[in-house]
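Just query.cif here, mmCIF, C-alpha atoms and all ligand atoms:
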data_data
#
loop_
_atom_site.group_PDB
_atom_site.id
_atom_site.type_symbol
_atom_site.label_atom_id
_atom_site.label_comp_id
_atom_site.auth_asym_id
_atom_site.auth_seq_id
_atom_site.Cartn_x
_atom_site.Cartn_y
_atom_site.Cartn_z
ATOM 1 C CA MET A 1 182.664 210.261 191.263
ATOM 2 C CA SER A 2 185.554 208.426 189.564
ATOM 3 C CA THR A 3 188.420 210.579 188.343
ATOM 4 C CA PRO A 4 188.958 210.755 184.563
ATOM 5 C CA PRO A 5 191.837 208.651 183.163
ATOM 6 C CA LEU A 6 195.251 210.330 183.057
ATOM 7 C CA LEU A 7 195.986 208.852 179.620
ATOM 8 C CA SER A 8 194.100 208.813 176.314
ATOM 9 C CA PRO A 9 194.606 206.200 173.600
ATOM 10 C CA THR A 10 197.312 207.077 171.090
ATOM 11 C CA ALA A 11 196.463 208.043 167.519
ATOM 12 C CA ASP A 12 197.819 204.684 166.334
ATOM 13 C CA ALA A 13 195.539 202.904 168.795
ATOM 14 C CA ARG A 14 192.521 204.822 167.574
ATOM 15 C CA ALA A 15 193.451 204.031 163.967
ATOM 16 C CA ALA A 16 193.910 200.356 164.824
ATOM 17 C CA ALA A 17 190.534 200.358 166.577
ATOM 18 C CA ASP A 18 188.860 201.822 163.486
ATOM 19 C CA ALA A 19 190.494 199.115 161.349
ATOM 20 C CA VAL A 20 189.299 196.394 163.733
ATOM 21 C CA ALA A 21 185.747 197.768 163.665
ATOM 22 C CA ARG A 22 185.754 197.829 159.853
ATOM 23 C CA ALA A 23 187.212 194.319 159.531
ATOM 24 C CA SER A 24 185.017 192.725 162.194
ATOM 25 C CA GLY A 25 181.801 194.695 161.840
ATOM 26 C CA ARG A 26 181.866 195.076 165.635
ATOM 27 C CA PRO A 27 181.880 198.718 166.781
ATOM 28 C CA ALA A 28 183.136 197.838 170.266
ATOM 29 C CA HIS A 29 184.785 195.037 172.216
ATOM 30 C CA ARG A 30 183.978 194.810 175.929
ATOM 31 C CA ALA A 31 187.217 193.039 176.867
ATOM 32 C CA THR A 32 190.669 192.829 175.349
ATOM 33 C CA LEU A 33 192.887 189.808 175.972
ATOM 34 C CA VAL A 34 196.661 189.775 175.521
ATOM 35 C CA LEU A 35 198.123 186.288 175.050
ATOM 36 C CA GLY A 36 201.601 185.542 176.365
ATOM 37 C CA SER A 37 204.249 183.110 175.178
ATOM 38 C CA GLY A 38 202.733 179.729 174.523
ATOM 39 C CA TRP A 39 199.152 180.994 174.883
ATOM 40 C CA SER A 40 198.520 181.712 171.176
ATOM 41 C CA ASP A 41 196.770 178.384 170.492
ATOM 42 C CA VAL A 42 193.969 179.198 172.918
ATOM 43 C CA VAL A 43 192.333 181.522 170.374
ATOM 44 C CA VAL A 44 191.009 178.475 168.483
ATOM 45 C CA GLY A 45 189.024 177.205 171.458
ATOM 46 C CA LEU A 46 188.168 180.612 172.865
ATOM 47 C CA ALA A 47 185.703 182.012 170.326
ATOM 48 C CA ASP A 48 182.061 181.077 169.913
ATOM 49 C CA PRO A 49 181.916 179.004 166.692
ATOM 50 C CA GLY A 50 181.907 181.080 163.512
ATOM 51 C CA THR A 51 182.527 184.416 165.260
ATOM 52 C CA ALA A 52 186.318 184.800 164.940
ATOM 53 C CA VAL A 53 187.739 187.405 162.542
ATOM 54 C CA ALA A 54 191.557 187.211 162.502
ATOM 55 C CA ILE A 55 193.410 190.340 161.412
ATOM 56 C CA PRO A 56 197.181 190.171 160.771
ATOM 57 C CA MET A 57 199.063 192.658 162.936
ATOM 58 C CA ALA A 58 200.983 193.853 159.879
ATOM 59 C CA GLY A 59 197.769 195.512 158.693
ATOM 60 C CA LEU A 60 197.080 197.360 161.928
ATOM 61 C CA PRO A 61 198.712 200.665 162.893
ATOM 62 C CA GLY A 62 201.088 200.528 165.845
ATOM 63 C CA PHE A 63 201.556 196.759 165.943
ATOM 64 C CA ALA A 64 205.015 195.401 165.216
ATOM 65 C CA PRO A 65 204.979 191.819 163.885
ATOM 66 C CA PRO A 66 206.218 189.733 166.822
ATOM 67 C CA SER A 67 209.857 188.652 166.848
ATOM 68 C CA VAL A 68 209.513 186.111 169.669
ATOM 69 C CA ALA A 69 208.621 182.470 168.950
ATOM 70 C CA GLY A 70 205.218 181.559 170.354
ATOM 71 C CA HIS A 71 203.625 184.882 169.460
ATOM 72 C CA ARG A 72 201.332 184.469 166.441
ATOM 73 C CA GLY A 73 201.009 188.039 165.179
ATOM 74 C CA THR A 74 197.233 188.223 164.829
ATOM 75 C CA VAL A 75 194.500 190.281 166.445
ATOM 76 C CA THR A 76 191.252 188.312 166.562
ATOM 77 C CA SER A 77 187.841 189.847 167.039
ATOM 78 C CA CYS A 78 185.389 187.256 168.347
ATOM 79 C CA LEU A 79 182.441 186.569 170.619
ATOM 80 C CA VAL A 80 183.148 184.641 173.816
ATOM 81 C CA ASP A 81 179.864 183.434 175.287
ATOM 82 C CA GLY A 82 178.279 186.245 173.308
ATOM 83 C CA VAL A 83 180.625 188.973 174.594
ATOM 84 C CA PRO A 84 182.677 190.877 171.975
ATOM 85 C CA VAL A 85 186.344 190.229 172.794
ATOM 86 C CA LEU A 86 189.548 191.301 171.094
ATOM 87 C CA ALA A 87 192.325 188.725 171.481
ATOM 88 C CA VAL A 88 195.872 189.934 170.796
ATOM 89 C CA ALA A 89 198.132 186.980 170.019
ATOM 90 C CA GLY A 90 201.555 188.519 169.813
ATOM 91 C CA ARG A 91 203.078 190.804 172.360
ATOM 92 C CA THR A 92 206.115 193.071 172.075
ATOM 93 C CA HIS A 93 208.536 192.987 175.000
ATOM 94 C CA LEU A 94 210.813 195.638 176.445
ATOM 95 C CA TYR A 95 213.804 193.410 175.708
ATOM 96 C CA GLU A 96 213.083 193.685 171.964
ATOM 97 C CA GLY A 97 214.517 197.179 172.202
ATOM 98 C CA VAL A 98 211.821 199.018 170.252
ATOM 99 C CA GLY A 99 210.812 201.286 173.129
ATOM 100 C CA THR A 100 207.752 201.185 175.352
ATOM 101 C CA GLU A 101 205.051 202.341 172.918
ATOM 102 C CA PRO A 102 204.742 199.030 170.987
ATOM 103 C CA VAL A 103 204.848 197.164 174.317
ATOM 104 C CA VAL A 104 201.785 198.964 175.686
ATOM 105 C CA HIS A 105 200.008 199.440 172.344
ATOM 106 C CA PRO A 106 197.534 196.615 173.127
ATOM 107 C CA ALA A 107 196.431 198.474 176.260
ATOM 108 C CA HIS A 108 195.833 201.626 174.238
ATOM 109 C CA VAL A 109 193.973 199.645 171.584
ATOM 110 C CA ALA A 110 191.880 198.072 174.345
ATOM 111 C CA ALA A 111 190.791 201.528 175.488
ATOM 112 C CA ALA A 112 190.211 202.638 171.902
ATOM 113 C CA VAL A 113 187.945 199.660 171.083
ATOM 114 C CA GLY A 114 185.811 200.393 174.128
ATOM 115 C CA SER A 115 187.069 197.689 176.477
ATOM 116 C CA ASP A 116 186.948 198.473 180.151
ATOM 117 C CA VAL A 117 188.619 195.173 181.050
ATOM 118 C CA LEU A 118 192.103 194.125 179.993
ATOM 119 C CA VAL A 119 193.019 190.472 180.557
ATOM 120 C CA LEU A 120 196.788 189.939 180.528
ATOM 121 C CA THR A 121 198.286 186.475 180.316
ATOM 122 C CA ASN A 122 201.910 185.444 180.389
ATOM 123 C CA ALA A 123 204.363 182.604 180.840
ATOM 124 C CA ALA A 124 206.215 182.877 184.112
ATOM 125 C CA GLY A 125 208.781 181.112 186.215
ATOM 126 C CA GLY A 126 207.607 179.748 189.534
ATOM 127 C CA VAL A 127 209.510 181.371 192.390
ATOM 128 C CA ARG A 128 207.327 180.379 195.356
ATOM 129 C CA ASP A 129 208.056 176.851 196.498
ATOM 130 C CA ASP A 130 204.493 175.522 196.264
ATOM 131 C CA LEU A 131 203.940 176.494 192.614
ATOM 132 C CA THR A 132 204.042 173.751 189.991
ATOM 133 C CA VAL A 133 204.578 173.724 186.235
ATOM 134 C CA GLY A 134 201.249 174.038 184.397
ATOM 135 C CA GLU A 135 199.565 175.933 187.238
ATOM 136 C CA LEU A 136 197.519 179.077 186.561
ATOM 137 C CA VAL A 137 198.172 181.876 189.054
ATOM 138 C CA LEU A 138 196.175 185.102 189.377
ATOM 139 C CA ILE A 139 198.427 188.138 189.679
ATOM 140 C CA ARG A 140 197.691 189.970 192.948
ATOM 141 C CA ASP A 141 200.381 192.643 192.611
ATOM 142 C CA HIS A 142 203.653 193.256 190.798
ATOM 143 C CA LEU A 143 207.266 194.292 191.288
ATOM 144 C CA ASN A 144 208.461 196.449 188.411
ATOM 145 C CA LEU A 145 212.142 195.534 188.225
ATOM 146 C CA THR A 146 212.469 196.539 184.580
ATOM 147 C CA GLY A 147 213.701 200.013 185.473
ATOM 148 C CA ARG A 148 211.317 201.361 182.841
ATOM 149 C CA SER A 149 207.902 203.016 182.720
ATOM 150 C CA PRO A 150 205.588 203.394 179.732
ATOM 151 C CA LEU A 151 204.576 206.754 181.154
ATOM 152 C CA SER A 152 206.324 210.083 180.764
ATOM 153 C CA GLY A 153 205.643 213.490 182.255
ATOM 154 C CA PRO A 154 203.471 214.091 185.341
ATOM 155 C CA ALA A 155 201.359 210.970 184.772
ATOM 156 C CA PHE A 156 201.125 210.094 188.458
ATOM 157 C CA VAL A 157 199.139 206.908 188.002
ATOM 158 C CA ASP A 158 197.901 205.184 191.172
ATOM 159 C CA LEU A 159 198.734 201.471 191.286
ATOM 160 C CA VAL A 160 196.982 200.448 194.473
ATOM 161 C CA ASP A 161 194.727 197.520 193.487
ATOM 162 C CA ALA A 162 196.157 197.693 189.955
ATOM 163 C CA TYR A 163 194.974 194.088 189.590
ATOM 164 C CA SER A 164 191.316 194.532 190.414
ATOM 165 C CA PRO A 165 190.328 192.642 193.592
ATOM 166 C CA ARG A 166 186.789 192.251 192.229
ATOM 167 C CA LEU A 167 188.064 190.847 188.921
ATOM 168 C CA ARG A 168 190.410 188.536 190.790
ATOM 169 C CA HIS A 169 187.455 187.167 192.761
ATOM 170 C CA ILE A 170 185.425 186.719 189.575
ATOM 171 C CA ALA A 171 188.398 185.127 187.804
ATOM 172 C CA ALA A 172 189.036 182.744 190.692
ATOM 173 C CA GLU A 173 185.435 181.572 190.611
ATOM 174 C CA ALA A 174 185.513 181.197 186.828
ATOM 175 C CA LEU A 175 188.782 179.257 186.860
ATOM 176 C CA ARG A 176 187.569 176.996 189.682
ATOM 177 C CA ALA A 177 184.390 176.217 187.720
ATOM 178 C CA ALA A 178 186.294 175.662 184.467
ATOM 179 C CA THR A 179 189.314 173.731 185.709
ATOM 180 C CA GLY A 180 188.190 172.258 189.020
ATOM 181 C CA ALA A 181 190.982 174.041 190.874
ATOM 182 C CA ARG A 182 190.823 177.414 192.624
ATOM 183 C CA PRO A 183 193.899 179.299 191.414
ATOM 184 C CA ALA A 184 196.597 180.612 193.715
ATOM 185 C CA GLU A 185 197.402 184.313 193.748
ATOM 186 C CA GLY A 186 200.884 185.746 193.551
ATOM 187 C CA VAL A 187 203.183 188.685 193.127
ATOM 188 C CA TYR A 188 204.662 188.870 189.624
ATOM 189 C CA ALA A 189 208.168 190.293 189.288
ATOM 190 C CA ALA A 190 208.981 191.726 185.860
ATOM 191 C CA MET A 191 212.653 191.567 184.913
ATOM 192 C CA PRO A 192 214.169 193.329 181.885
ATOM 193 C CA GLY A 193 215.303 190.098 180.182
ATOM 194 C CA PRO A 194 215.897 188.661 177.654
ATOM 195 C CA GLN A 195 218.214 186.512 179.737
ATOM 196 C CA TYR A 196 216.665 184.339 182.401
ATOM 197 C CA GLU A 197 217.663 184.872 186.040
ATOM 198 C CA THR A 198 220.581 183.459 187.930
ATOM 199 C CA PRO A 199 219.813 181.297 190.971
ATOM 200 C CA ALA A 200 221.103 184.160 193.140
ATOM 201 C CA GLU A 201 218.656 186.566 191.483
ATOM 202 C CA ILE A 202 215.797 184.147 192.134
ATOM 203 C CA ARG A 203 216.815 184.001 195.803
ATOM 204 C CA MET A 204 216.783 187.819 195.787
ATOM 205 C CA LEU A 205 213.325 187.892 194.179
ATOM 206 C CA ARG A 206 211.994 185.438 196.758
ATOM 207 C CA THR A 207 213.323 187.710 199.501
ATOM 208 C CA LEU A 208 211.610 190.658 197.845
ATOM 209 C CA GLY A 209 208.296 188.798 197.986
ATOM 210 C CA ALA A 210 207.999 187.643 194.390
ATOM 211 C CA ASP A 211 206.026 184.481 193.673
ATOM 212 C CA LEU A 212 206.399 184.577 189.876
ATOM 213 C CA VAL A 213 209.003 185.990 187.529
ATOM 214 C CA GLY A 214 208.586 187.143 183.933
ATOM 215 C CA MET A 215 209.521 189.729 181.342
ATOM 216 C CA SER A 216 206.239 191.370 180.377
ATOM 217 C CA THR A 217 202.785 192.337 181.679
ATOM 218 C CA VAL A 218 203.854 195.120 184.051
ATOM 219 C CA PRO A 219 204.222 197.870 181.418
ATOM 220 C CA GLU A 220 200.803 196.941 180.005
ATOM 221 C CA THR A 221 199.253 197.090 183.456
ATOM 222 C CA VAL A 222 200.754 200.509 184.210
ATOM 223 C CA ALA A 223 199.486 201.924 180.923
ATOM 224 C CA ALA A 224 196.089 200.259 181.364
ATOM 225 C CA ARG A 225 195.606 201.821 184.783
ATOM 226 C CA GLY A 226 196.537 205.189 183.341
ATOM 227 C CA LEU A 227 193.878 204.621 180.680
ATOM 228 C CA GLY A 228 191.278 203.764 183.322
ATOM 229 C CA LEU A 229 190.988 200.072 182.423
ATOM 230 C CA ARG A 230 190.349 197.339 184.982
ATOM 231 C CA VAL A 231 193.095 194.714 184.815
ATOM 232 C CA VAL A 232 193.204 191.015 185.593
ATOM 233 C CA GLY A 233 196.428 189.072 185.035
ATOM 234 C CA VAL A 234 196.927 185.323 184.757
ATOM 235 C CA SER A 235 200.328 183.641 184.734
ATOM 236 C CA LEU A 236 200.917 180.131 183.464
ATOM 237 C CA VAL A 237 203.808 178.647 185.404
ATOM 238 C CA THR A 238 205.817 177.224 182.509
ATOM 239 C CA ASN A 239 208.929 176.344 184.489
ATOM 240 C CA LEU A 240 210.329 176.460 187.988
ATOM 241 C CA ALA A 241 212.591 179.485 188.329
ATOM 242 C CA ALA A 242 216.334 179.252 187.868
ATOM 243 C CA GLY A 243 218.106 177.327 190.585
ATOM 244 C CA VAL A 244 215.011 175.559 191.898
ATOM 245 C CA THR A 245 215.700 172.342 189.976
ATOM 246 C CA GLY A 246 219.258 173.110 188.902
ATOM 247 C CA GLN A 247 218.199 172.429 185.310
ATOM 248 C CA PRO A 248 218.868 175.016 182.549
ATOM 249 C CA LEU A 249 215.950 177.104 181.291
ATOM 250 C CA ASP A 250 214.962 177.530 177.653
ATOM 251 C CA HIS A 251 212.159 179.153 175.668
ATOM 252 C CA ALA A 252 211.187 175.874 173.990
ATOM 253 C CA GLU A 253 210.275 174.500 177.435
ATOM 254 C CA VAL A 254 208.194 177.609 178.088
ATOM 255 C CA LEU A 255 206.283 177.204 174.816
ATOM 256 C CA ALA A 256 205.812 173.472 175.336
ATOM 257 C CA ALA A 257 204.133 174.094 178.683
ATOM 258 C CA GLY A 258 201.703 176.473 176.993
ATOM 259 C CA THR A 259 200.937 174.074 174.160
ATOM 260 C CA ALA A 260 200.470 171.172 176.570
ATOM 261 C CA GLY A 261 197.849 173.090 178.475
ATOM 262 C CA SER A 262 196.119 174.861 175.583
ATOM 263 C CA GLY A 263 192.788 173.047 175.985
ATOM 264 C CA ARG A 264 192.662 173.869 179.683
ATOM 265 C CA LEU A 265 193.801 177.451 179.012
ATOM 266 C CA SER A 266 191.011 177.893 176.437
ATOM 267 C CA ARG A 267 188.419 176.586 178.895
ATOM 268 C CA ALA A 268 189.799 178.846 181.594
ATOM 269 C CA LEU A 269 189.645 181.952 179.415
ATOM 270 C CA ARG A 270 186.219 181.069 177.999
ATOM 271 C CA ALA A 271 184.980 181.197 181.578
ATOM 272 C CA LEU A 272 187.078 184.106 182.825
ATOM 273 C CA VAL A 273 186.877 186.688 180.039
ATOM 274 C CA PRO A 274 183.086 187.046 179.656
ATOM 275 C CA ALA A 275 182.591 186.942 183.429
ATOM 276 C CA ALA A 276 185.113 189.756 183.851
ATOM 277 C CA ALA A 277 183.580 191.783 181.010
ATOM 278 C CA ARG A 278 180.082 191.443 182.487
ATOM 279 C CA SER A 279 181.155 192.454 185.992
HETATM 280 O O1 LIG A 301 205.199 187.175 176.765
HETATM 281 P P1 LIG A 301 205.516 186.378 177.980
HETATM 282 O O2 LIG A 301 205.851 187.250 179.158
HETATM 283 O O3 LIG A 301 204.460 185.386 178.283
HETATM 284 O O4 LIG A 301 206.856 185.528 177.639
HETATM 285 C C1 LIG A 301 207.726 185.005 178.635
HETATM 286 C C2 LIG A 301 208.767 186.043 178.914
HETATM 287 C C3 LIG A 301 209.682 185.886 177.740
HETATM 288 O O5 LIG A 301 209.223 186.647 176.665
HETATM 289 C C4 LIG A 301 209.599 184.411 177.406
HETATM 290 C C5 LIG A 301 210.789 183.669 177.946
HETATM 291 O O6 LIG A 301 210.680 182.286 177.681
HETATM 292 O O7 LIG A 301 208.415 183.919 178.057
HETATM 293 N N1 LIG A 302 212.127 186.235 183.532
HETATM 294 C C1 LIG A 302 211.555 185.045 183.319
HETATM 295 N N2 LIG A 302 210.560 184.958 182.398
HETATM 296 C C2 LIG A 302 210.006 183.743 182.187
HETATM 297 N N3 LIG A 302 209.003 183.373 181.337
HETATM 298 C C3 LIG A 302 208.807 182.060 181.509
HETATM 299 N N4 LIG A 302 209.653 181.557 182.434
HETATM 300 C C4 LIG A 302 210.416 182.606 182.876
HETATM 301 C C5 LIG A 302 211.468 182.718 183.841
HETATM 302 O O1 LIG A 302 211.876 181.750 184.488
HETATM 303 N N5 LIG A 302 211.999 183.961 184.020
#
Starting from the file, give its structure as structure tokens.
Amino acid sequence: MSTPPLLSPTADARAAADAVARASGRPAHRATLVLGSGWSDVVVGLADPGTAVAIPMAGLPGFAPPSVAGHRGTVTSCLVDGVPVLAVAGRTHLYEGVGTEPVVHPAHVAAAVGSDVLVLTNAAGGVRDDLTVGELVLIRDHLNLTGRSPLSGPAFVDLVDAYSPRLRHIAAEALRAATGARPAEGVYAAMPGPQYETPAEIRMLRTLGADLVGMSTVPETVAARGLGLRVVGVSLVTNLAAGVTGQPLDHAEVLAAGTAGSGRLSRALRALVPAAARS
């Protein structure tokens, strides 16, 4: 028998879920999708025609309007191949300095709307030598180098297989069918940010076993596992990590990589999300 979740959705998450149900007419959403920097455009191609209901975050309890470029600030209820999905385009990051609750609010809302699958996407730097810009990588495990946890008190959440092996298999098959390429898997290292890494820090991360580096995702995963959600994470390699090319890094480059691949990202998620929800 599976143990009950250690966490319950916050009151704000339950209120946001009620607002989503009223606005969309959908009492539940089987999967919730969080879109990272540069992923926002995929919502257009993700939904079954005529099924998308976009709700501004400003009207939903617990959501802070995003302050980072490339995050749209809408929560969209839609059907994806007939499966009710909630797509959150606009994440809050630890580096925005508003605490952990807004950062993990989408995970709590996911639980409150009845999702048992949380799909997390992000823009990441490629640390492992064989990764290329534009590549989609399934997150196998993570290194939490933020120094923070969204949990407090004796919430001893287990993180073995935090990124569901079964969902990773399903996602790999879906991405291979949708894009023609079987995705790599990798370890995602979450740094506090907002600064990018130094070349020496990237060498350190490589030594620690990181394949990808970013500034998000990990807090959401920790909260999601505490809430009893199954998690699958997908990184878009938007740049090679600091020091690999010697070129400076900037957020515009990160967003451009997302925009350039938005058609492929939509196709990938249209295959991945319903398959994960049905598993
Ligand atoms: O929200 P994600 O993690 O996709 O955004 C990444 C991390 C920083 O917020 C930003 C840096 O360019 O991209
Ligand atoms: N920390 C970090 N986050 C990113 N998001 C996109 N690229 C990067 C990167 O190189 N480093």
Polymer residues at most 7 Å from (212.4, 181.5, 197.5) by only C-alpha atoms, as an NGL selection string | :A and (127-129 or 202-203 or 206-207)
Would you mind telling me which residue in A:Leu35, A:Leu240, A:Met57, A:Ile170 lies nearest to Arg91 of chain A when using all atoms listed in the file?
->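 Among A:Leu35, A:Leu240, A:Met57, A:Ile170, it is A:Leu35 that comes nearest to Arg91 of chain A.
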Which polymer residues have any atom within 10 Å of an atom of Pro194 of chain A, counting all atoms listed in the file, with same-chain residues fewer than 4 positions away left out, as a list in words?
->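 So, after excluding close chain neighbours, the residues are His93, Leu94, Tyr95, Glu96, Gly214 and Met215 of chain A.
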Assuming 4 Å of padding per side, give the centre and edge lengths of the axis-aligned box around every listed atom of ligand LIG 302 (chain A), in Å to one decimal and as lines of an AutoDock Vina configuration file.
center_x = 210.5
center_y = 183.9
center_z = 182.9
size_x = 11.3
size_y = 12.7
size_z = 11.2
Please write the residues picked by the PyMOL selection byres (((chain A and resi 191) around 9) and not hetatm) on this file as a PyMOL selection string.
-> chain A and resi 143-147+189-190+192-194+196-197+213-216
Point-to-point distance in Å for atom CA of Val237 of chain A and atom O1 of ligand LIG 301 (chain A) = 12.2 Å
Residues at most 8 Å from Val109 of chain A, counting only C-alpha atoms, excluding those fewer than 4 positions away in the same chain, as number ranges by chain?
-> A: 9, 13-14, 16-17, 105, 113
Export C-alpha atoms of the chosen residues as a JSON list (two decimals), keeping the file's coordinate frame?
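As a result, part.json now contains:
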[["chain", "number", "residue", "atom", "x", "y", "z"],
["A", 9, "PRO", "CA", 194.61, 206.20, 173.60],
["A", 13, "ALA", "CA", 195.54, 202.90, 168.80],
["A", 14, "ARG", "CA", 192.52, 204.82, 167.57],
["A", 16, "ALA", "CA", 193.91, 200.36, 164.82],
["A", 17, "ALA", "CA", 190.53, 200.36, 166.58],
["A", 105, "HIS", "CA", 200.01, 199.44, 172.34],
["A", 113, "VAL", "CA", 187.94, 199.66, 171.08]]
What does the PyMOL selection byres (((chain A and resi 163) around 6) and not hetatm) select in this file, as a ChimeraX atom specification?
-> /A:140,161-162,164,231-232
Taking all atoms listed in the file into account, which of A:Val83, A:Leu167, A:Val133, A:Ala54 comes nearest ligand LIG 302 (chain A)?
->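 Between A:Val83, A:Leu167, A:Val133, A:Ala54, the residue approaching ligand LIG 302 (chain A) most closely is A:Val133.
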Residue contacts of Trp39 of chain A (10 Å, only C-alpha atoms) excluding same-chain residues fewer than 2 positions away, as a VMD selection string = chain A and resid 34 to 37 41 to 43 70 to 72 89 to 90 121 to 123 236 255 257 to 259 261 to 262 265 to 266
For each of A:Ser279, A:Asn239, A:Ser24, A:Ser115, take the minimum atom-to-atom distance to ligand LIG 301 (chain A), counting all atoms listed in the file, then give the residue where this is smallest.
->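 So, comparing all the options, the nearest one is A:Asn239.
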Test item: the PyMOL selection byres (((chain A and resi 183) around 8) and not hetatm) resolved as a list of chain:residue names =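 Checked against the file, the PyMOL selection byres (((chain A and resi 183) around 8) and not hetatm) matches A:Glu135, A:Leu136, A:Val137, A:Leu138, A:Ala172, A:Leu175, A:Arg176, A:Ala181, A:Arg182, A:Ala184, A:Glu185.
From atom O2 of ligand LIG 301 (chain A) back to atom CA of Val104 of chain A, the distance works out to 12.9 Å.
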Shortest interatomic distance to Leu208 of chain A - which of A:Val85, A:Leu151, A:Val187, A:Val234, counting only C-alpha atoms = A:Val187
Counting only C-alpha atoms and all ligand atoms, the option among A:Val53, A:Ala11, A:Ala242, A:Ala87 closest to ligand LIG 302 (chain A) | A:Ala242
Which of these residues is nearest to ligand LIG 302 (chain A), using all atoms listed in the file: A:Gly228, A:Pro66, A:Pro199, A:Pro106?
->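 Of the candidates, the smallest distance to ligand LIG 302 (chain A) is held by A:Pro199.
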Rounded to one decimal place, report the atom C1 of ligand LIG 301 (chain A)-atom CA of Arg270 of chain A distance in Å.
-> 21.9 Å
Name all residues at most 6 Å from Val117 of chain A (count all atoms listed in the file; drop same-chain ones fewer than 5 positions away) and give them as number ranges by chain.
-> A: 31, 229-231
Ala21 of chain A environment, 12 Å, only C-alpha atoms, sequence neighbours closer than 5 positions dropped, as a PyMOL selection string | chain A and resi 14-16+26-29+53+55+60+75-78+84-86+109+112-114
Next, dump the selected residues to file, keeping only C-alpha atoms, as a CSV table (one decimal), in the coordinates of the input.
chain,number,residue,atom,x,y,z
A,14,ARG,CA,192.5,204.8,167.6
A,15,ALA,CA,193.5,204.0,164.0
A,16,ALA,CA,193.9,200.4,164.8
A,26,ARG,CA,181.9,195.1,165.6
A,27,PRO,CA,181.9,198.7,166.8
A,28,ALA,CA,183.1,197.8,170.3
A,29,HIS,CA,184.8,195.0,172.2
A,53,VAL,CA,187.7,187.4,162.5
A,55,ILE,CA,193.4,190.3,161.4
A,60,LEU,CA,197.1,197.4,161.9
A,75,VAL,CA,194.5,190.3,166.4
A,76,THR,CA,191.3,188.3,166.6
A,77,SER,CA,187.8,189.8,167.0
A,78,CYS,CA,185.4,187.3,168.3
A,84,PRO,CA,182.7,190.9,172.0
A,85,VAL,CA,186.3,190.2,172.8
A,86,LEU,CA,189.5,191.3,171.1
A,109,VAL,CA,194.0,199.6,171.6
A,112,ALA,CA,190.2,202.6,171.9
A,113,VAL,CA,187.9,199.7,171.1
A,114,GLY,CA,185.8,200.4,174.1
